[in-house]
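K.L.:
Got a structure for you, questions after.
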Number of protein chains: 2
Amino acid sequence: MNRTIYVSNKPLDEAKRIWRQALTETNFYGRFPVESIRVDDSLGRLTAEPVFAATSSPSYNAAAMDGIAVHFEDLAGASESAPVCLSRDRYQPVNTGNALPPGFNAVVMIEDVHQASDTEVELAMSAPPWQHVRTIGEDIVATELILPEGHRIRPIDQGAMLAAGVTEIKVKQIPKAVVIPTGSELIQPGEPAKPGQIIEFNSRILAGSLQEWGADARRAAPVDDDPERLRKVILAATQENDIVILNAGASAGTKDFTSMVLADLGRIIVHGVAIKPGKPVILAIVNDTPVIGLPGYPVSAFLTMRLFVREMIAGFLGMEDPAPQIIEATISRPFHSSMGVDQFVRVTLGNVGGTLMATPSGKGAGAVMSLVRADGILTIPAGSEGVGAGEKVAIELVRPKVEVDSTLVFIGSHDNILDLIANQLHRHRPSIRISSAHVGSMGGIMAIRRGEAHLAGCHLLDEESGEYNIPFLQRFLPALSLRLINLCYRQQGFIVRKNNPKNVHSFRDIAENQLIFINRQAGAGTRLLTDKILKEANIRPAEIQGYTHEEYTHMSVAAAVASGSADTGLGILAAAKALDLDFIPVAEERYDLIIPEQFISDQKVMAVLELMVSSQAFHGEILSLGGYDLRDCGKIMYRQ
Amino acid sequence: MNRTIYVSNKPLDEAKRIWRQALTETNFYGRFPVESIRVDDSLGRLTAEPVFAATSSPSYNAAAMDGIAVHFEDLAGASESAPVCLSRDRYQPVNTGNALPPGFNAVVMIEDVHQASDTEVELAMSAPPWQHVRTIGEDIVATELILPEGHRIRPIDQGAMLAAGVTEIKVKQIPKAVVIPTGSELIQPGEPAKPGQIIEFNSRILAGSLQEWGADARRAAPVDDDPERLRKVILAATQENDIVILNAGASAGTKDFTSMVLADLGRIIVHGVAIKPGKPVILAIVNDTPVIGLPGYPVSAFLTMRLFVREMIAGFLGMEDPAPQIIEATISRPFHSSMGVDQFVRVTLGNVGGTLMATPSGKGAGAVMSLVRADGILTIPAGSEGVGAGEKVAIELVRPKVEVDSTLVFIGSHDNILDLIANQLHRHRPSIRISSAHVGSMGGIMAIRRGEAHLAGCHLLDEESGEYNIPFLQRFLPALSLRLINLCYRQQGFIVRKNNPKNVHSFRDIAENQLIFINRQAGAGTRLLTDKILKEANIRPAEIQGYTHEEYTHMSVAAAVASGSADTGLGILAAAKALDLDFIPVAEERYDLIIPEQFISDQKVMAVLELMVSSQAFHGEILSLGGYDLRDCGKIMYRQ
């Protein structure tokens, strides 16, 4: 294995300091390129200098009402009992916005005008000078400051500038950025993927994010693993852009020669930072242009870019880095972190009974869905070994707080119906979101106990009584007022490849034929069922190959079977059907929702219950999945 | 005056109810047009149906680390003391992301591999099955819900869809809207304006706002006051758009025939709503298309459109109207409102000593700058006669809360230096904003007393002692710890037209020659100076024509002189110079800043003081305005 491993492990603070210094030295922050544009094209841009009014608005004395222009002096002493009569040469009809005719100095509203004849009006009130007149400069006085430097232009600002006679302004040039995907394994979306090939989607996430942070970002064509080609592409990119992003090639794999190329073309400022994810990031300067080599995993790439590049865009534009939106939350379960490493953890958030609970994602840096679902980022600093359950933590929001507050938190056993609920709810009540964490039935009960979730899904069979769920509630949630409401009955069975090629009909078949099984995690209802059946059949776990390989959802079990990495696993029909697999029924089981009494009247929970009880369309969708029976859907099975 | 005044006065709630019903009847909310687009083009769009994964990700079992692929069974029992040796056919080098070669079922990190020879490795640890392997579907399982219906697509969502093999999706079509300016008085920005002509800038504010609310909005060419032409344009617009906005022609002026045309082409649902501003709004349906006739004033037009059209766009897209961001604030001064009218008041906000203070704008509906400066909108409901000073009110934010919190609130006498401070601060500390209300020196002292402002500008001459400012502080703020810090000395004098055509040298000249004077409001330092000089010269206010016409800033006084609506007024040199007017010096006066002790160490206040004390560039800018002396700038004049 002749590989040079040379990635350093700089503390984040130090890496940031060194990098900022290098950027300062190459004058990255001092360039302030400016361009002149039309005000009409300036929406969202940043002013490069203060904008002062060129003319006044109104630019003439204008009638502020529909009515007649008068000389206020003529109306002196006018009253109901002694109205003043004006002849046609002493008044003039005006509409709102009309210029006051020369010599006139007040307006009387049409409602107060009595037309005595075709050429005479009668007025029963005196008027102060300039009544109902918008005098010159009432809104804007020429030379007045309209917008300061560094202001982001809104539609109303465009209106004010145009009103002030300004039609062209100087704005800050937007930094140009390019995202260059690298790697011979990359294929474009839509192309069929062979094993080892990866759909190139990272560049969309990265370029889109750069755009959102204020850069003019584009995606370049992927570059194969060819140092000579990479060198040419990087050089050209630095000539045309203010920021160059490479993805990936930052780590120390055999084909990761990006750092060699960068060291050769320019200077590597930092290679390797004590962060997780994102450790192998490269920060380099080539051709006076910052080049950032990001790791390959989407989560690592995104979080690392966020850490180093977002502030660069702000700095380039002469803005302060936007202050992150930080909220305090309670962490729902312990999360371990290595000393010496700043760790960035995706969390989902939910306002459960007034407490904002943060649940860390258990997924790896390859899991783009964990970012889709994330509500915030928890930073565990290098000096900490992690956070304990119930600890207060500061979370940087990646989703507006109002969305977090309207999130229904479901934690527990996974069932495909949950996707249908999430979608139906979002269709009819777009403001309600569902965040669901699939941690098994026991995990759901524990989440309810810790006050982490509004509701939990549960299908736990009590071996002794043969009863579902209730004995577990009595044992683990004895003090809590709650309702147990049935969602469905469903078939559990062996998920097998089409036509059941390994001929699986029982755990005995699995043990005797040395088939590879894929298990569910401890605490899952399906795991309890597995263990119960094994016990009844007198089979030891050690006889089942793959017993220790645990997955967290039915769909993951089905995916493992579909891929051939396992021959079978226990799961539900819907999961088998979804991946076009076969299904050997083993048992019908009951799946209930646990809802603490205090959340029964929560409008988000009520929306779910309403859906369960009264939506025929929803029931139809469920039944079409197959393997479900809704005879008790919405029924209260137990109350305590 | 043969005008038909037919504008009704429907309560807002009723108008909204009738309008929503009319929209429902024309199926405006049920159209849901959908289009298929590439995921690459979908940023910011709303999903029209749920997006499910087409393929799993990873789509093969992938190495999660750089290292070697192994059979976990081979490593059973391996330890430091009894390492296992693998020959070349039992291991295979892999990089992160590579497909696991067939038959292999675990990966050992390169750091743990000891290369014993060219063809053999030694491993000192056993491995569980699937160690460091991303199994098929670990991130995304085919058929899994990626995004629910009605979800706004972010870059990360694009990545997830592409990772899941989805390249094209159905999104909701964006409603098409057009803004049609009407009126023969309109000219395009950049054209020279004659009296009575108005720069057409409203359509930019309206179309830009529609765009921000999610519509695909464009501006049409202005239509002259010609009913036939208007009819044609409206008809064509309803054929091509989902929403048509007319501006203006909503009121009852002689040329406002929009409602006649609309009644003729379709149905007028509402004409006239009990709101201020915005009363004459027209809500009509033409050709099954909503047509909204907005009033002409920019503030009225914008606020009315916000009231009726923002929720239409959300409804068209099947979304709930975005919840307004409401905060509680304390109103700083009384604001009167008419019973029976829902009034919408622009306010500026400032966090002063922990209390969020809301100050209503005193400007009319023509004042676009009052919207530029607004931080929020206060609604005074129809059943209320207004709000009293110190009352708690609910404010809808129109600017992010974080910007409001970083706003330095200046209330008091106006000086052009304030614009320079605002701009300099924003340049160097973009996160700090200045909100300044020009209410005169006395108004500033009262604002400090009510806790509304961080600092106030003041130039009040005490008649008896001849001393500036201090006697007023002792009289009106006796209990408050504060510092009085000098900003500048400045010239006050008569602002006159070029070459002083009316030969103004004293108030005696003004009285004797019946010249038109323009005054400052009671409580302004300049007003005190005016009154003192008049008294010394034995001139009664009644002898001064225009004495009762009050303006609030030096610039407004200068603008009145420039326009000819006044012959002269008392003001500062900078204002005269800005509008190319002449200036007859009367006196030098002292202009100080009042800063309560509790705000001295506020970082925003400190930034201002730092600028005053140490910025040569800033001093240079001030001196170039003329009429200023900075001999004491930054000096503490008094402390209590």
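Naming works like this for the structure tokens: A, B, ... for the chains as they're shown, residue 1 at the start of each chain, ligands 1 onward in shown order.
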Please list as a PyMOL selection string every residue within 7 Å of segment 322-329 of chain A, counting only C-alpha atoms and excluding residues in the same chain fewer than 3 positions away.
P.N.:
chain A and resi 356-358+392-397
K.L.:
Using the selection just defined, write its residues with C-alpha atoms as a short mmCIF file (atom, residue, chain, number, x, y, z; two decimals), in the first residue's frame.
P.N.:
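File produced: again-v9.cif:
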data_model
loop_
_atom_site.label_atom_id
_atom_site.label_comp_id
_atom_site.auth_asym_id
_atom_site.auth_seq_id
_atom_site.Cartn_x
_atom_site.Cartn_y
_atom_site.Cartn_z
CA LEU A 356 -37.52 22.49 22.03
CA MET A 357 -36.03 19.01 21.65
CA ALA A 358 -33.06 18.33 19.39
CA LYS A 392 -29.12 22.18 26.92
CA VAL A 393 -27.34 22.87 23.65
CA ALA A 394 -27.06 25.76 21.20
CA ILE A 395 -28.31 24.87 17.73
CA GLU A 396 -27.75 26.82 14.56
CA LEU A 397 -31.04 26.79 12.66
#
K.L.:
Please list as a PyMOL selection string every residue within 9 Å of Ala522 of chain B, counting only C-alpha atoms and excluding residues in the same chain fewer than 3 positions away.
P.N.:
chain B and resi 440+442+525+527-528+550
K.L.:
Could the residues in this selection be written to a file with N, CA and C atoms, as a compact mmCIF listing (two decimals), in the first residue's frame?
P.N.:
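Here's the written file out-v1.txt:
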# COMPACT_ATOMS: atom_id res chain seq x y z
N GLY B 440 -37.02 67.79 15.59
CA GLY B 440 -36.59 68.99 16.28
C GLY B 440 -35.91 68.67 17.61
N MET B 442 -36.37 69.79 20.73
CA MET B 442 -37.23 69.52 21.89
C MET B 442 -37.83 68.13 21.77
N GLY B 525 -34.82 73.82 17.30
CA GLY B 525 -33.85 74.82 17.72
C GLY B 525 -33.91 76.04 16.82
N ARG B 527 -36.46 77.11 15.29
CA ARG B 527 -37.69 77.86 15.62
C ARG B 527 -37.45 78.77 16.83
N LEU B 528 -36.75 78.22 17.84
CA LEU B 528 -36.41 79.02 19.01
C LEU B 528 -35.59 80.24 18.60
N GLU B 550 -45.21 75.13 8.66
CA GLU B 550 -44.04 74.55 9.33
C GLU B 550 -43.46 73.36 8.56
K.L.:
Using only C-alpha atoms, which of B:Gln115, B:Asn9, B:Asn247, B:Thr24 sits nearest chain A?
P.N.:
B:Gln115
K.L.:
Report, in Å with one decimal, the straight-line distance from atom CA of Asp118 of chain B to atom CA of Cys85 of chain B.
P.N.:
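Computed distance, atom CA of Asp118 of chain B to atom CA of Cys85 of chain B, equals 12.5 Å.
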K.L.:
Can you pull out the residues contacting Gln424 of chain A? Cut-off 10 Å, using only C-alpha atoms, and skip same-chain residues under 2 positions away; I want them as a list in words.
P.N.:
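Non-adjacent residues within range: Leu418, Asp419, Leu420, Ile421, Ala422, His426, Arg427, His428, Arg429, Pro430, Val608, Leu611, Ser615, Ala617 and Phe618 of chain A; Pro50, Pro148 and Glu149 of chain B.
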K.L.:
Keeping C-alpha atoms for every residue in the selection just given, could you write it to a file as a tab-separated table (two decimals), in the first residue's frame?
P.N.:
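Okay, this is what ended up in result-v9.tsv:
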chain	number	residue	atom	x	y	z
A	418	LEU	CA	-46.02	7.54	7.95
A	419	ASP	CA	-44.84	8.78	4.55
A	420	LEU	CA	-48.46	8.94	3.45
A	421	ILE	CA	-49.44	10.89	6.56
A	422	ALA	CA	-46.55	13.31	6.05
A	426	HIS	CA	-48.39	18.78	3.97
A	427	ARG	CA	-50.85	18.89	1.08
A	428	HIS	CA	-53.81	20.03	3.15
A	429	ARG	CA	-52.05	21.90	5.92
A	430	PRO	CA	-48.80	23.09	4.32
A	608	VAL	CA	-53.30	13.45	12.06
A	611	LEU	CA	-56.90	12.16	8.69
A	615	SER	CA	-60.17	10.59	5.09
A	617	ALA	CA	-58.68	8.94	0.18
A	618	PHE	CA	-56.06	8.32	2.83
B	50	PRO	CA	-44.80	14.01	-3.54
B	148	PRO	CA	-43.85	15.96	0.24
B	149	GLU	CA	-46.20	17.89	-2.02
K.L.:
Write out as an MDAnalysis selection string all residues of segment 218-257 of chain A that backbone DSSP assigns to strand (DSSP E).
P.N.:
chainID A and resid 218:219 243:247
